[in-house]
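Participant: My structure is stored as data-v7.pdb, with PDB, C-alpha atoms.
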```pdb
ATOM      1  CA  MET Y   1     100.636  -8.345 240.972
ATOM      2  CA  LYS Y   2     100.447  -7.199 237.357
ATOM      3  CA  PHE Y   3      97.297  -5.843 235.751
ATOM      4  CA  ASP Y   4      97.118  -5.210 232.007
ATOM      5  CA  VAL Y   5      93.971  -3.305 231.063
ATOM      6  CA  LEU Y   6      92.719  -3.295 227.468
ATOM      7  CA  THR Y   7      90.431  -0.323 226.851
ATOM      8  CA  ILE Y   8      89.541   2.310 224.283
ATOM      9  CA  PHE Y   9      89.515   4.937 227.069
ATOM     10  CA  PRO Y  10      92.829   4.654 228.973
ATOM     11  CA  GLU Y  11      92.388   8.278 230.087
ATOM     12  CA  MET Y  12      89.655   7.140 232.484
ATOM     13  CA  PHE Y  13      92.312   5.507 234.679
ATOM     14  CA  SER Y  14      94.690   8.473 234.994
ATOM     15  CA  ALA Y  15      93.601   9.931 238.342
ATOM     16  CA  TYR Y  16      92.504   6.594 239.760
ATOM     17  CA  LEU Y  17      95.967   5.063 239.467
ATOM     18  CA  HIS Y  18      97.739   7.949 241.185
ATOM     19  CA  LEU Y  19      95.612   8.451 244.302
ATOM     20  CA  GLY Y  20      95.068   6.776 247.647
ATOM     21  CA  ILE Y  21      96.083   3.258 248.618
ATOM     22  CA  LEU Y  22      96.409   2.061 245.028
ATOM     23  CA  GLY Y  23      98.619   4.995 244.033
ATOM     24  CA  ARG Y  24     100.969   4.277 246.941
ATOM     25  CA  ALA Y  25     101.029   0.562 246.123
ATOM     26  CA  ILE Y  26     102.061   1.343 242.550
ATOM     27  CA  GLU Y  27     104.775   3.735 243.739
ATOM     28  CA  ARG Y  28     106.173   1.023 246.029
ATOM     29  CA  GLY Y  29     106.158  -1.572 243.250
ATOM     30  CA  LEU Y  30     103.599  -3.821 244.921
ATOM     31  CA  VAL Y  31     101.126  -3.373 242.057
ATOM     32  CA  ASP Y  32     101.866  -2.803 238.378
ATOM     33  CA  VAL Y  33      99.051  -1.506 236.150
ATOM     34  CA  ARG Y  34      99.638  -1.160 232.421
ATOM     35  CA  LEU Y  35      97.101   0.377 230.073
ATOM     36  CA  VAL Y  36      96.741  -0.912 226.517
ATOM     37  CA  ASN Y  37      94.776   1.279 224.117
ATOM     38  CA  ILE Y  38      92.783  -1.033 221.842
ATOM     39  CA  ARG Y  39      92.555   1.787 219.247
ATOM     40  CA  ASP Y  40      96.313   1.484 218.711
ATOM     41  CA  PHE Y  41      95.665  -1.943 217.213
ATOM     42  CA  ALA Y  42      92.796  -0.917 214.933
ATOM     43  CA  ARG Y  43      93.490  -0.634 211.221
ATOM     44  CA  GLY Y  44      92.458   2.005 208.755
ATOM     45  CA  ARG Y  45      92.616   5.766 208.820
ATOM     46  CA  HIS Y  46      89.884   6.123 211.431
ATOM     47  CA  LYS Y  47      91.158   3.414 213.822
ATOM     48  CA  THR Y  48      87.655   1.954 214.133
ATOM     49  CA  THR Y  49      87.177  -0.546 216.956
ATOM     50  CA  ASP Y  50      83.449  -1.275 216.501
ATOM     51  CA  ASP Y  51      80.997  -2.147 213.746
ATOM     52  CA  GLN Y  52      77.337  -2.951 213.154
ATOM     53  CA  PRO Y  53      76.207  -6.409 214.287
ATOM     54  CA  TYR Y  54      75.506  -9.112 211.733
ATOM     55  CA  GLY Y  55      71.799  -9.875 211.696
ATOM     56  CA  GLY Y  56      70.831  -6.308 212.429
ATOM     57  CA  GLY Y  57      69.760  -4.706 215.673
ATOM     58  CA  GLY Y  58      70.622  -1.583 217.598
ATOM     59  CA  GLY Y  59      74.031  -0.625 218.900
ATOM     60  CA  MET Y  60      77.530  -1.508 217.837
ATOM     61  CA  VAL Y  61      79.801  -4.477 218.584
ATOM     62  CA  MET Y  62      83.539  -4.296 219.323
ATOM     63  CA  LYS Y  63      85.516  -5.878 216.492
ATOM     64  CA  ALA Y  64      87.548  -9.023 217.091
ATOM     65  CA  GLY Y  65      90.701  -7.912 215.249
ATOM     66  CA  PRO Y  66      91.819  -4.951 217.384
ATOM     67  CA  ILE Y  67      91.164  -6.804 220.647
ATOM     68  CA  HIS Y  68      92.975  -9.905 219.415
ATOM     69  CA  ARG Y  69      96.017  -7.919 218.343
ATOM     70  CA  ALA Y  70      96.021  -5.968 221.601
ATOM     71  CA  LEU Y  71      95.966  -9.236 223.577
ATOM     72  CA  LYS Y  72      98.859 -10.613 221.546
ATOM     73  CA  SER Y  73     100.907  -7.502 222.388
ATOM     74  CA  VAL Y  74     100.724  -8.164 226.138
ATOM     75  CA  GLU Y  75     103.739  -9.927 227.602
ATOM     76  CA  ARG Y  76     102.419 -12.902 229.565
ATOM     77  CA  VAL Y  77     103.604 -14.390 232.838
ATOM     78  CA  ASP Y  78     103.975 -18.082 231.935
ATOM     79  CA  GLY Y  79     101.323 -20.209 233.596
ATOM     80  CA  ARG Y  80     100.279 -17.485 236.010
ATOM     81  CA  SER Y  81      98.279 -15.232 233.705
ATOM     82  CA  LEU Y  82      94.488 -14.986 233.375
ATOM     83  CA  VAL Y  83      92.451 -13.091 230.746
ATOM     84  CA  ILE Y  84      89.218 -11.631 232.148
ATOM     85  CA  LEU Y  85      86.385  -9.982 230.256
ATOM     86  CA  LEU Y  86      84.359  -7.482 232.281
ATOM     87  CA  SER Y  87      80.857  -8.508 231.284
ATOM     88  CA  PRO Y  88      77.313  -8.489 232.740
ATOM     89  CA  GLN Y  89      77.154 -12.166 231.732
ATOM     90  CA  GLY Y  90      80.050 -13.119 234.013
ATOM     91  CA  ARG Y  91      80.180 -14.433 237.552
ATOM     92  CA  ARG Y  92      79.459 -11.696 240.061
ATOM     93  CA  LEU Y  93      82.584 -10.455 241.823
ATOM     94  CA  ASP Y  94      82.594 -11.144 245.560
ATOM     95  CA  GLN Y  95      85.250 -11.384 248.271
ATOM     96  CA  PRO Y  96      86.002 -15.104 247.783
ATOM     97  CA  ALA Y  97      86.493 -14.434 244.068
ATOM     98  CA  ALA Y  98      88.836 -11.535 244.886
ATOM     99  CA  TRP Y  99      90.915 -13.778 247.151
ATOM    100  CA  GLU Y 100      91.113 -16.463 244.457
ATOM    101  CA  LEU Y 101      92.173 -13.976 241.783
ATOM    102  CA  SER Y 102      94.815 -12.454 244.076
ATOM    103  CA  GLY Y 103      96.690 -15.741 243.774
ATOM    104  CA  TRP Y 104      97.492 -15.121 240.108
ATOM    105  CA  ASP Y 105     100.602 -13.200 239.047
ATOM    106  CA  GLN Y 106      98.960 -11.359 236.147
ATOM    107  CA  LEU Y 107      95.396 -10.417 235.267
ATOM    108  CA  ILE Y 108      94.650  -9.140 231.765
ATOM    109  CA  LEU Y 109      91.389  -7.204 231.867
ATOM    110  CA  VAL Y 110      89.404  -6.638 228.677
ATOM    111  CA  CYS Y 111      86.961  -3.731 228.911
ATOM    112  CA  GLY Y 112      84.075  -4.159 226.528
ATOM    113  CA  ARG Y 113      81.953  -1.281 225.193
ATOM    114  CA  TYR Y 114      78.722  -0.736 223.282
ATOM    115  CA  GLU Y 115      76.743  -4.006 222.867
ATOM    116  CA  GLY Y 116      79.754  -6.111 223.841
ATOM    117  CA  VAL Y 117      82.596  -7.849 222.037
ATOM    118  CA  ASP Y 118      82.581 -10.157 219.024
ATOM    119  CA  GLU Y 119      81.695 -13.656 220.275
ATOM    120  CA  ARG Y 120      84.830 -15.083 218.677
ATOM    121  CA  ILE Y 121      86.932 -13.132 221.179
ATOM    122  CA  ARG Y 122      84.779 -14.347 224.052
ATOM    123  CA  SER Y 123      85.017 -17.976 222.972
ATOM    124  CA  THR Y 124      88.698 -18.184 222.027
ATOM    125  CA  CYS Y 125      90.641 -15.569 224.011
ATOM    126  CA  ILE Y 126      88.865 -15.165 227.350
ATOM    127  CA  ASP Y 127      89.576 -17.355 230.385
ATOM    128  CA  ARG Y 128      86.894 -15.919 232.631
ATOM    129  CA  GLU Y 129      84.061 -13.367 232.648
ATOM    130  CA  LEU Y 130      83.326 -11.195 235.677
ATOM    131  CA  SER Y 131      80.507  -8.796 236.528
ATOM    132  CA  ILE Y 132      80.456  -6.260 239.363
ATOM    133  CA  GLY Y 133      76.658  -6.247 239.618
ATOM    134  CA  ASP Y 134      73.311  -6.626 237.945
ATOM    135  CA  TYR Y 135      73.011  -3.172 236.399
ATOM    136  CA  ILE Y 136      73.917  -1.508 233.125
ATOM    137  CA  LEU Y 137      77.120   0.473 232.551
ATOM    138  CA  SER Y 138      78.511   1.937 229.340
ATOM    139  CA  GLY Y 139      81.642  -0.193 229.450
ATOM    140  CA  GLY Y 140      83.969  -2.377 231.487
ATOM    141  CA  GLU Y 141      86.336   0.354 232.680
ATOM    142  CA  LEU Y 142      84.603   0.989 236.010
ATOM    143  CA  GLY Y 143      84.414  -2.752 236.570
ATOM    144  CA  ALA Y 144      88.139  -3.051 235.908
ATOM    145  CA  MET Y 145      88.855  -0.338 238.485
ATOM    146  CA  VAL Y 146      86.703  -2.093 241.067
ATOM    147  CA  LEU Y 147      88.425  -5.394 240.379
ATOM    148  CA  ILE Y 148      91.924  -3.890 240.586
ATOM    149  CA  GLU Y 149      91.186  -2.279 243.946
ATOM    150  CA  ALA Y 150      89.432  -5.301 245.453
ATOM    151  CA  ILE Y 151      92.396  -7.528 244.601
ATOM    152  CA  SER Y 152      95.156  -5.021 245.391
ATOM    153  CA  ARG Y 153      93.878  -4.643 248.960
ATOM    154  CA  LEU Y 154      94.645  -8.332 249.514
ATOM    155  CA  ILE Y 155      98.285  -8.101 248.445
ATOM    156  CA  PRO Y 156     100.646  -8.156 251.468
ATOM    157  CA  GLY Y 157     102.004  -4.699 252.249
ATOM    158  CA  VAL Y 158      99.398  -2.706 250.319
ATOM    159  CA  LEU Y 159      97.350  -1.785 253.396
ATOM    160  CA  GLY Y 160      98.906  -0.087 256.401
ATOM    161  CA  GLY Y 161      97.757  -2.721 258.900
ATOM    162  CA  GLU Y 162      98.169  -6.358 257.936
ATOM    163  CA  ARG Y 163      94.765  -7.180 259.472
ATOM    164  CA  SER Y 164      92.908  -4.236 257.930
ATOM    165  CA  ASN Y 165      91.472  -6.247 255.070
ATOM    166  CA  LEU Y 166      90.457  -9.103 257.374
ATOM    167  CA  GLU Y 167      88.110  -6.815 259.309
ATOM    168  CA  ASP Y 168      86.364  -5.307 256.283
ATOM    169  CA  SER Y 169      82.746  -5.968 255.401
ATOM    170  CA  PHE Y 170      82.220  -9.313 253.582
ATOM    171  CA  GLU Y 171      85.616 -10.699 254.629
ATOM    172  CA  GLU Y 172      83.941 -13.154 257.011
ATOM    173  CA  GLY Y 173      80.650 -13.032 255.163
ATOM    174  CA  LEU Y 174      79.250 -10.310 257.431
ATOM    175  CA  LEU Y 175      78.846  -6.538 257.296
ATOM    176  CA  GLU Y 176      81.345  -4.526 259.318
ATOM    177  CA  TYR Y 177      80.494  -3.104 262.747
ATOM    178  CA  PRO Y 178      79.925   0.692 263.176
ATOM    179  CA  GLN Y 179      83.050   2.861 263.377
ATOM    180  CA  TYR Y 180      83.623   6.100 265.335
ATOM    181  CA  THR Y 181      86.378   8.690 265.709
ATOM    182  CA  ARG Y 182      86.831  12.125 267.327
ATOM    183  CA  PRO Y 183      84.996  14.135 268.524
ATOM    184  CA  LYS Y 184      83.423  12.149 271.357
ATOM    185  CA  VAL Y 185      80.129  14.013 270.886
ATOM    186  CA  PHE Y 186      78.834  15.140 267.469
ATOM    187  CA  ASN Y 187      75.455  16.819 266.975
ATOM    188  CA  GLY Y 188      74.379  15.523 270.359
ATOM    189  CA  LYS Y 189      75.294  11.911 269.575
ATOM    190  CA  GLU Y 190      77.967  10.237 271.712
ATOM    191  CA  VAL Y 191      80.396   7.461 270.930
ATOM    192  CA  PRO Y 192      79.209   4.197 272.580
ATOM    193  CA  PRO Y 193      80.803   4.104 276.067
ATOM    194  CA  VAL Y 194      82.164   0.582 275.572
ATOM    195  CA  LEU Y 195      84.575   1.879 272.899
ATOM    196  CA  LEU Y 196      86.052   4.268 275.475
ATOM    197  CA  SER Y 197      86.305   1.655 278.218
ATOM    198  CA  GLY Y 198      89.714   0.234 277.321
ATOM    199  CA  ASP Y 199      88.315  -3.255 277.929
ATOM    200  CA  HIS Y 200      89.437  -5.139 274.824
ATOM    201  CA  GLU Y 201      87.217  -8.156 275.386
ATOM    202  CA  LYS Y 202      84.105  -6.014 275.847
ATOM    203  CA  ILE Y 203      84.998  -4.033 272.732
ATOM    204  CA  ARG Y 204      85.505  -7.236 270.732
ATOM    205  CA  LEU Y 205      82.152  -8.608 271.868
ATOM    206  CA  TRP Y 206      80.353  -5.313 271.133
ATOM    207  CA  ARG Y 207      81.836  -5.120 267.642
ATOM    208  CA  ARG Y 208      80.939  -8.714 266.851
ATOM    209  CA  THR Y 209      77.402  -8.210 268.124
ATOM    210  CA  GLU Y 210      76.937  -5.049 266.063
ATOM    211  CA  SER Y 211      78.354  -6.775 262.979
ATOM    212  CA  LEU Y 212      75.824  -9.573 263.376
ATOM    213  CA  ARG Y 213      73.021  -7.097 264.123
ATOM    214  CA  ARG Y 214      73.775  -4.975 261.058
ATOM    215  CA  THR Y 215      73.967  -8.035 258.811
ATOM    216  CA  LEU Y 216      70.676  -9.357 260.190
ATOM    217  CA  GLU Y 217      68.931  -6.031 259.619
ATOM    218  CA  ARG Y 218      70.407  -5.157 256.217
ATOM    219  CA  ARG Y 219      71.708  -8.297 254.493
ATOM    220  CA  PRO Y 220      70.277 -11.444 256.122
ATOM    221  CA  ASP Y 221      71.001 -13.310 252.886
ATOM    222  CA  LEU Y 222      74.702 -13.243 253.794
ATOM    223  CA  PHE Y 223      74.147 -15.718 256.621
ATOM    224  CA  THR Y 224      73.760 -18.540 254.100
ATOM    225  CA  LYS Y 225      77.530 -18.379 253.472
ATOM    226  CA  ALA Y 226      78.878 -16.669 256.609
ATOM    227  CA  ARG Y 227      81.382 -18.477 258.814
ATOM    228  CA  LEU Y 228      79.728 -18.369 262.242
ATOM    229  CA  THR Y 229      81.222 -19.569 265.521
ATOM    230  CA  PRO Y 230      79.172 -21.048 268.391
ATOM    231  CA  GLU Y 231      79.448 -17.641 270.074
ATOM    232  CA  ASP Y 232      78.061 -15.995 266.927
ATOM    233  CA  GLU Y 233      75.125 -18.398 266.888
ATOM    234  CA  MET Y 234      74.317 -17.580 270.507
ATOM    235  CA  ILE Y 235      74.488 -13.816 269.874
ATOM    236  CA  LEU Y 236      72.434 -14.164 266.706
ATOM    237  CA  GLY Y 237      69.762 -16.102 268.550
ATOM    238  CA  ARG Y 238      69.392 -13.307 271.092
ATOM    239  CA  LEU Y 239      69.304 -10.673 268.355
ATOM    240  CA  LYS Y 240      66.571 -12.479 266.444
ATOM    241  CA  LYS Y 241      64.364 -12.591 269.529
ATOM    242  CA  GLY Y 242      64.739  -8.839 269.951
ATOM    243  CA  ILE Y 243      64.113  -7.810 266.313
ATOM    244  CA  PRO Y 244      60.516  -7.114 265.153
ATOM    245  CA  GLU Y 245      59.035  -9.714 262.841
ATOM    246  CA  GLN Y 246      59.159  -7.418 259.779
ATOM    247  CA  SER Y 247      62.973  -7.072 260.091
ATOM    248  CA  ASN Y 248      63.578 -10.793 259.672
TER     249      ASN Y 248
END
```
Taking this structure as input, can you express it in the form of structure tokens?

Facilitator:
Amino acid sequence: MKFDVLTIFPEMFSAYLHLGILGRAIERGLVDVRLVNIRDFARGRHKTTDDQPYGGGGGMVMKAGPIHRALKSVERVDGRSLVILLSPQGRRLDQPAAWELSGWDQLILVCGRYEGVDERIRSTCIDRELSIGDYILSGGELGAMVLIEAISRLIPGVLGGERSNLEDSFEEGLLEYPQYTRPKVFNGKEVPPVLLSGDHEKIRLWRRTESLRRTLERRPDLFTKARLTPEDEMILGRLKKGIPEQSN
């Protein structure tokens, strides 16, 4: 998978691209991230990438020219390339969207700044807009990092265990079950005995129950899209009867 990131702050990505799972994936050639500095395509002595908005108002708007020229400089993968603008006006990124985007060969990510980008870029050069949440950030760089990691985790070989990503929160529409590791007792709290039992079926059932319980308590809205089995429905019914009315 190739990611081309257009930004005026490529330095923000330096440490991120060399650490952890993503850093190892890049070293192994499973992921290729290229940074394109939009300032390199600005004209004039000061390499200005923004200007005052027509019609007045506060803030600055990113100019169309530098972004357009930066996009033209990116070598495209024919038919398998998608240009994405990180924008609060875009579709919210979720796990199904990450899976869909992982099917492309190349994602070109445009990181806006200030009050956004000139509308002529949005309307003529952008294939899709994505948001990572309903809150305000200074630019699209953090969103681009989130998107790169969410998609990279789905690429075969990036994670150590091939099923690791399938057991993460949101993968089946539910929150993940609680996790424990050594020591067996910490600050007086013990690991649930079932996890030490060696009984794989009991462990599976406990984990599924706790996943359903945690989702019911913290994110009941997820059940509208979750893929539930008949066993899940039975467990969920018992959990609902045991949860106080205010937790529903």

Participant: Find, counting only C-alpha atoms, the residue in Y:Cys111, Y:Ile26, Y:Leu19, Y:Leu175 that gets nearest to Ile38 in chain Y.

Facilitator: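 Closest to Ile38 in chain Y, using only C-alpha atoms: Y:Cys111.
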
Participant: Using only C-alpha atoms, what residues lie at most 10 Å away from (76.7, -13.0, 265.7) (file coordinates), given as a CSV table (one decimal) with C-alpha atoms, in the coordinates of the input?

Facilitator:
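File result24.csv, as written:
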```csv
chain,number,residue,atom,x,y,z
Y,174,LEU,CA,79.2,-10.3,257.4
Y,205,LEU,CA,82.2,-8.6,271.9
Y,207,ARG,CA,81.8,-5.1,267.6
Y,208,ARG,CA,80.9,-8.7,266.9
Y,209,THR,CA,77.4,-8.2,268.1
Y,210,GLU,CA,76.9,-5.0,266.1
Y,211,SER,CA,78.4,-6.8,263.0
Y,212,LEU,CA,75.8,-9.6,263.4
Y,213,ARG,CA,73.0,-7.1,264.1
Y,214,ARG,CA,73.8,-5.0,261.1
Y,215,THR,CA,74.0,-8.0,258.8
Y,216,LEU,CA,70.7,-9.4,260.2
Y,223,PHE,CA,74.1,-15.7,256.6
Y,227,ARG,CA,81.4,-18.5,258.8
Y,228,LEU,CA,79.7,-18.4,262.2
Y,229,THR,CA,81.2,-19.6,265.5
Y,230,PRO,CA,79.2,-21.0,268.4
Y,231,GLU,CA,79.4,-17.6,270.1
Y,232,ASP,CA,78.1,-16.0,266.9
Y,233,GLU,CA,75.1,-18.4,266.9
Y,234,MET,CA,74.3,-17.6,270.5
Y,235,ILE,CA,74.5,-13.8,269.9
Y,236,LEU,CA,72.4,-14.2,266.7
Y,237,GLY,CA,69.8,-16.1,268.6
Y,238,ARG,CA,69.4,-13.3,271.1
Y,239,LEU,CA,69.3,-10.7,268.4
```

Participant: For Gly139 in chain Y, which residue among Y:Leu93, Y:Val61, Y:Ile126, Y:Val33 is the nearest when counting all atoms listed in the file?

Facilitator: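 Ranking Y:Leu93, Y:Val61, Y:Ile126, Y:Val33 by distance to Gly139 in chain Y, first place goes to Y:Val61.
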
Participant: With all atoms listed in the file as the atoms that count, which of Y:Asp94, Y:Glu119, Y:Glu149, Y:Lys63 lies nearest to Lys47 in chain Y?

Facilitator: Y:Lys63

Participant: Report as a list in words the full result of the PyMOL selection byres ((chain Y and resi 17) around 10) when it is applied to this structure.

Facilitator: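 Written out, the selection comes to Met12, Phe13, Ser14, Ala15, Tyr16, His18, Leu19, Gly20, Ile21, Leu22, Gly23, Arg24, Ala25, Ile26, Glu27, Asp32, Val33, Met145, Ile148 and Glu149 of chain Y.
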
Participant: Figure out the distance between CA of Glu115 in chain Y and CA of Arg69 in chain Y, please, to one decimal in Å.

Facilitator: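 CA of Arg69 in chain Y sits 20.2 Å away from CA of Glu115 in chain Y.
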
Participant: Around the point (76.3, -10.2, 239.6) (coordinates from the file), which residues reach within 6 Å if we count all atoms listed in the file? Answer as an NGL selection string.

Facilitator: :Y and (92 or 131-134)

Participant: Can you give me, as a CSV table (one decimal) with C-alpha atoms, in the coordinates of the input, the residues this file yields under the PyMOL selection byres ((chain Y and resi 37) around 9)?

Facilitator:
```csv
chain,number,residue,atom,x,y,z
Y,5,VAL,CA,94.0,-3.3,231.1
Y,6,LEU,CA,92.7,-3.3,227.5
Y,7,THR,CA,90.4,-0.3,226.9
Y,8,ILE,CA,89.5,2.3,224.3
Y,9,PHE,CA,89.5,4.9,227.1
Y,10,PRO,CA,92.8,4.7,229.0
Y,35,LEU,CA,97.1,0.4,230.1
Y,36,VAL,CA,96.7,-0.9,226.5
Y,38,ILE,CA,92.8,-1.0,221.8
Y,39,ARG,CA,92.6,1.8,219.2
Y,40,ASP,CA,96.3,1.5,218.7
Y,41,PHE,CA,95.7,-1.9,217.2
Y,70,ALA,CA,96.0,-6.0,221.6
```

Participant: Measure the distance from CA of Gly160 in chain Y to CA of Arg28 in chain Y in Å and round it to one decimal.

Facilitator: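 According to the coordinates, CA of Gly160 in chain Y and CA of Arg28 in chain Y are separated by 12.7 Å.
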
Participant: Just give me the gap between CA of Glu75 in chain Y and CA of Phe3 in chain Y in Å, one decimal is fine.

Facilitator: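 Rounded to one decimal, the two atoms are 11.2 Å apart.
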
Participant: Using all atoms listed in the file, which protein or nucleic acid residues come within 10 Å of Leu86 in chain Y? Drop anything in the same chain fewer than 4 positions from it, and give the result as a list in words.

Facilitator: Gly90, Arg91, Leu109, Val110, Cys111, Gly112, Arg113, Gly116, Arg128, Glu129, Leu130, Ser131, Ile132, Gly139, Gly140, Glu141, Leu142, Gly143, Ala144 and Leu147 of chain Y

Participant: My list of candidates is Y:Pro193, Y:Pro178, Y:Gly103, Y:Pro66. Which is closest to Ser152 in chain Y when distances are computed with all atoms listed in the file?

Facilitator: Y:Gly103

Participant: Check the smallest atom-to-atom distance from each of Y:Arg204, Y:Arg153, Y:Lys241, Y:Arg120 to Gln95 in chain Y using only C-alpha atoms, then report the winner.

Facilitator: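 Among the listed residues, the smallest separation from Gln95 in chain Y belongs to Y:Arg153.
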
Participant: Apply the PyMOL selection byres ((chain Y and resi 108) around 9) to the file shown and report the selected residues as a compact mmCIF listing (two decimals) with C-alpha atoms, in the coordinates of the input.

Facilitator:
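Saved file selection.txt follows:
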```txt
# COMPACT_ATOMS: atom_id res chain seq x y z
CA LYS Y 2 100.45 -7.20 237.36
CA PHE Y 3 97.30 -5.84 235.75
CA ASP Y 4 97.12 -5.21 232.01
CA VAL Y 5 93.97 -3.30 231.06
CA LEU Y 6 92.72 -3.30 227.47
CA LEU Y 71 95.97 -9.24 223.58
CA VAL Y 74 100.72 -8.16 226.14
CA ARG Y 76 102.42 -12.90 229.56
CA SER Y 81 98.28 -15.23 233.70
CA LEU Y 82 94.49 -14.99 233.38
CA VAL Y 83 92.45 -13.09 230.75
CA ILE Y 84 89.22 -11.63 232.15
CA LEU Y 85 86.38 -9.98 230.26
CA GLN Y 106 98.96 -11.36 236.15
CA LEU Y 107 95.40 -10.42 235.27
CA LEU Y 109 91.39 -7.20 231.87
CA VAL Y 110 89.40 -6.64 228.68
```

Participant: For a quick check of understanding, using only C-alpha atoms, which of Y:Gly29, Y:Gly65, Y:Gly55, Y:Gly242 has the smallest distance to Met1 in chain Y?

Facilitator: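 Closest residue, counting only C-alpha atoms: Y:Gly29.
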